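Report on the structure given below.
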Amino acid sequence: MEFTPAEGRRRVAGTDWAALAAELDDVGCAATGPLLTPAECAELAGLYDRPELFRTTVDLARHRFGSGTYRYFTHDLPAPVAALRGALYPRLLPLARDWAARLGRPAPWPDTLEEWLTRCHAAGQDRSAQILLRYGPGDWNALHRDVFGDLVFPLQVVVALDVYGADYTGGEFLMVEQRPRAQSRGTSTALRQGHGLVFTTRDRPVRSRRGWSAGALRHGVSTVRSGRRRTLGLVFHDAS
């Protein structure tokens, strides 16, 4: 079956977005329903071995970001990647605007992804930020944020391409929230194959006695114990 934009919207519509928003508010990440079939996951994961589809490869160990590798797609995205990114943006947009309102921040994101990317490119952020990540035994990803310039969309999505506990062990998705005048809080999530995990790019609104404040979060990947862990990363701003 051809993965069209309409098919992407159908898959994305299968998520309970009200429940997702509530969980996202609570911990800064929340799972979607199924977005890709096992066969589609395998096909996407296999693209990693076609270097002509990517603009660059990053070796995590070389940059002291952890261990493992990932590749940035060119703007000529595979159909499922483009369709899911386009379908997810309008679902995430109300959440992004709500968070901005609570934090008293501007909400510069227009109604369509195309308009937003045009603004990114006009500001010099014109490199694709969609990625395939691959980890083997002993690999991990240090806690970080995916901020590639001044124009940032506050939510992003990772989609698991392998089966946790069968294709690999370890490699849980990690989030750590820095809390004012308190110890940090960590969240560990085992990703489900074909499902997405929506998470904050850098912070989330936290209620306080004085209103709302920004709870800073970083994300990463715990050490892979065995097997191979591959994921698709969907980012809604381009890189400088």
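Identifiers in this document derive from the order of the structure tokens: chains are assigned A, B, ..., residues are numbered from 1 separately in each chain, and ligands are numbered from 1 in order of occurrence.
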
Cut-off 12 Å: closest stretch 173-234 of chain A/stretch 121-129 of chain A atom pairs per residue, using only C-alpha atoms, as a tab-separated table:
```
residue	atom	partner	partner_atom	distance
A:Leu232	CA	A:Ala129	CA	11.0
A:Gly233	CA	A:Ala129	CA	8.4
A:Leu234	CA	A:Ala129	CA	7.6
```

Check your understanding: Could you pull out the strand (DSSP E) residues of stretch 55-216 of chain A from DSSP and send them as a VMD selection string?
Key -> chain A and resid 55 to 59 66 to 67 69 to 73 131 to 135 140 to 144 155 to 160 168 to 170 173 to 178 185 to 189 195 to 200 203 to 208 211 to 216

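One finds atom CA of A:Leu20 at 18.5 Å from atom CA of A:Gly215.
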
Do you have, as a tab-separated table, the list of residues of stretch 26-68 of chain A lying at most 12 Å from stretch 165-174 of chain A, each with its nearest atom pair and that distance in Å to one decimal, counting only C-alpha atoms and ordered by chain then number?
```
residue	atom	partner	partner_atom	distance
A:Val27	CA	A:Leu174	CA	11.3
A:Gly28	CA	A:Leu174	CA	10.9
A:Cys29	CA	A:Leu174	CA	9.8
A:Ala30	CA	A:Phe173	CA	11.4
A:Ala31	CA	A:Phe173	CA	11.5
A:Ala42	CA	A:Asp167	CA	11.7
A:Ser67	CA	A:Gly171	CA	11.6
A:Gly68	CA	A:Gly171	CA	11.4
```

| Sel. of helix (DSSP H, G or I) residues, chain A, as a ChimeraX atom specification | /A:5-13,17-27,38-49,51-53,79-103,113-122

(message) Give me, as a PyMOL selection string, all polymer residues having an atom no more than 7 Å from A:Phe54, counting only C-alpha atoms and skipping those fewer than 5 positions away in the same chain.
(response) chain A and resi 71-74

Next item on the list: Tell me, as an MDAnalysis selection string, which residues lie within 10 Å of A:Ala45, counting only C-alpha atoms; anything in the same chain fewer than 5 positions away does not count.
Entry: chainID A and resid 39:40 132:134 160:162 229:232

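Between atom CA of A:Gly14 and atom CA of A:Ser188 the interatomic distance comes to 24.1 Å.
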
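Using only C-alpha atoms, the residues found no farther than 8 Å from A:Phe65, other than those of its own chain fewer than 4 positions away, are Leu60, Ala61, Asn141 and Ala142 of chain A.
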
One decimal place gives the atom CA of A:Trp109-atom CA of A:Leu88 separation as 13.8 Å

Min atom-atom distance to A:Pro90 from the set A:Cys120, A:Val198, A:Leu113, A:Leu77, counting only C-alpha atoms, belongs to A:Leu113

Give me the residues near A:Glu2 as a short mmCIF file (atom, residue, chain, number, x, y, z; two decimals) with C-alpha atoms, in the first residue's frame, where near means some atom within 12 Å (using only C-alpha atoms) and where sequence neighbours in that chain fewer than 6 positions away do not count.
```
data_model
loop_
_atom_site.label_atom_id
_atom_site.label_comp_id
_atom_site.auth_asym_id
_atom_site.auth_seq_id
_atom_site.Cartn_x
_atom_site.Cartn_y
_atom_site.Cartn_z
CA GLY A 8 -0.74 9.34 7.52
CA GLU A 40 6.89 -0.66 7.27
CA PRO A 78 10.56 8.74 2.24
CA ALA A 79 6.77 8.80 1.87
CA PRO A 80 5.95 7.46 5.37
CA ALA A 83 3.24 11.76 5.62
#
```

**Item:** Who sits within 12 Å of A:Ser208, only C-alpha atoms, same chain under 4 positions skipped, as number ranges by chain
**Value:** A: 102-103, 179-180, 212-215

Do you have, as JSON lines, the list of residues of stretch 40-114 of chain A lying at most 12 Å from stretch 145-157 of chain A, each with its nearest atom pair and that distance in Å to one decimal, counting only C-alpha atoms and ordered by chain then number?
```
{"residue": "A:Phe65", "atom": "CA", "partner": "A:Arg145", "partner_atom": "CA", "distance": 11.5}
{"residue": "A:Val81", "atom": "CA", "partner": "A:Val157", "partner_atom": "CA", "distance": 11.3}
{"residue": "A:Leu84", "atom": "CA", "partner": "A:Val157", "partner_atom": "CA", "distance": 10.0}
{"residue": "A:Arg85", "atom": "CA", "partner": "A:Val157", "partner_atom": "CA", "distance": 8.9}
{"residue": "A:Ala87", "atom": "CA", "partner": "A:Val157", "partner_atom": "CA", "distance": 11.9}
{"residue": "A:Leu88", "atom": "CA", "partner": "A:Val157", "partner_atom": "CA", "distance": 8.7}
{"residue": "A:Tyr89", "atom": "CA", "partner": "A:Gln156", "partner_atom": "CA", "distance": 9.2}
{"residue": "A:Pro90", "atom": "CA", "partner": "A:Leu155", "partner_atom": "CA", "distance": 11.7}
{"residue": "A:Arg91", "atom": "CA", "partner": "A:Leu155", "partner_atom": "CA", "distance": 10.8}
{"residue": "A:Leu92", "atom": "CA", "partner": "A:Leu155", "partner_atom": "CA", "distance": 7.2}
{"residue": "A:Leu93", "atom": "CA", "partner": "A:Leu155", "partner_atom": "CA", "distance": 8.8}
{"residue": "A:Pro94", "atom": "CA", "partner": "A:Leu155", "partner_atom": "CA", "distance": 11.0}
{"residue": "A:Leu95", "atom": "CA", "partner": "A:Leu155", "partner_atom": "CA", "distance": 8.6}
{"residue": "A:Ala96", "atom": "CA", "partner": "A:Pro154", "partner_atom": "CA", "distance": 6.3}
{"residue": "A:Arg97", "atom": "CA", "partner": "A:Pro154", "partner_atom": "CA", "distance": 9.3}
{"residue": "A:Asp98", "atom": "CA", "partner": "A:Pro154", "partner_atom": "CA", "distance": 11.0}
{"residue": "A:Trp99", "atom": "CA", "partner": "A:Pro154", "partner_atom": "CA", "distance": 8.8}
{"residue": "A:Ala100", "atom": "CA", "partner": "A:Pro154", "partner_atom": "CA", "distance": 9.0}
{"residue": "A:Arg105", "atom": "CA", "partner": "A:Pro154", "partner_atom": "CA", "distance": 11.6}
{"residue": "A:Pro106", "atom": "CA", "partner": "A:Leu151", "partner_atom": "CA", "distance": 11.4}
{"residue": "A:Ala107", "atom": "CA", "partner": "A:Phe153", "partner_atom": "CA", "distance": 9.4}
{"residue": "A:Pro108", "atom": "CA", "partner": "A:Leu151", "partner_atom": "CA", "distance": 8.6}
{"residue": "A:Trp109", "atom": "CA", "partner": "A:Phe153", "partner_atom": "CA", "distance": 7.6}
{"residue": "A:Pro110", "atom": "CA", "partner": "A:Phe153", "partner_atom": "CA", "distance": 10.9}
{"residue": "A:Leu113", "atom": "CA", "partner": "A:Phe153", "partner_atom": "CA", "distance": 10.5}
```
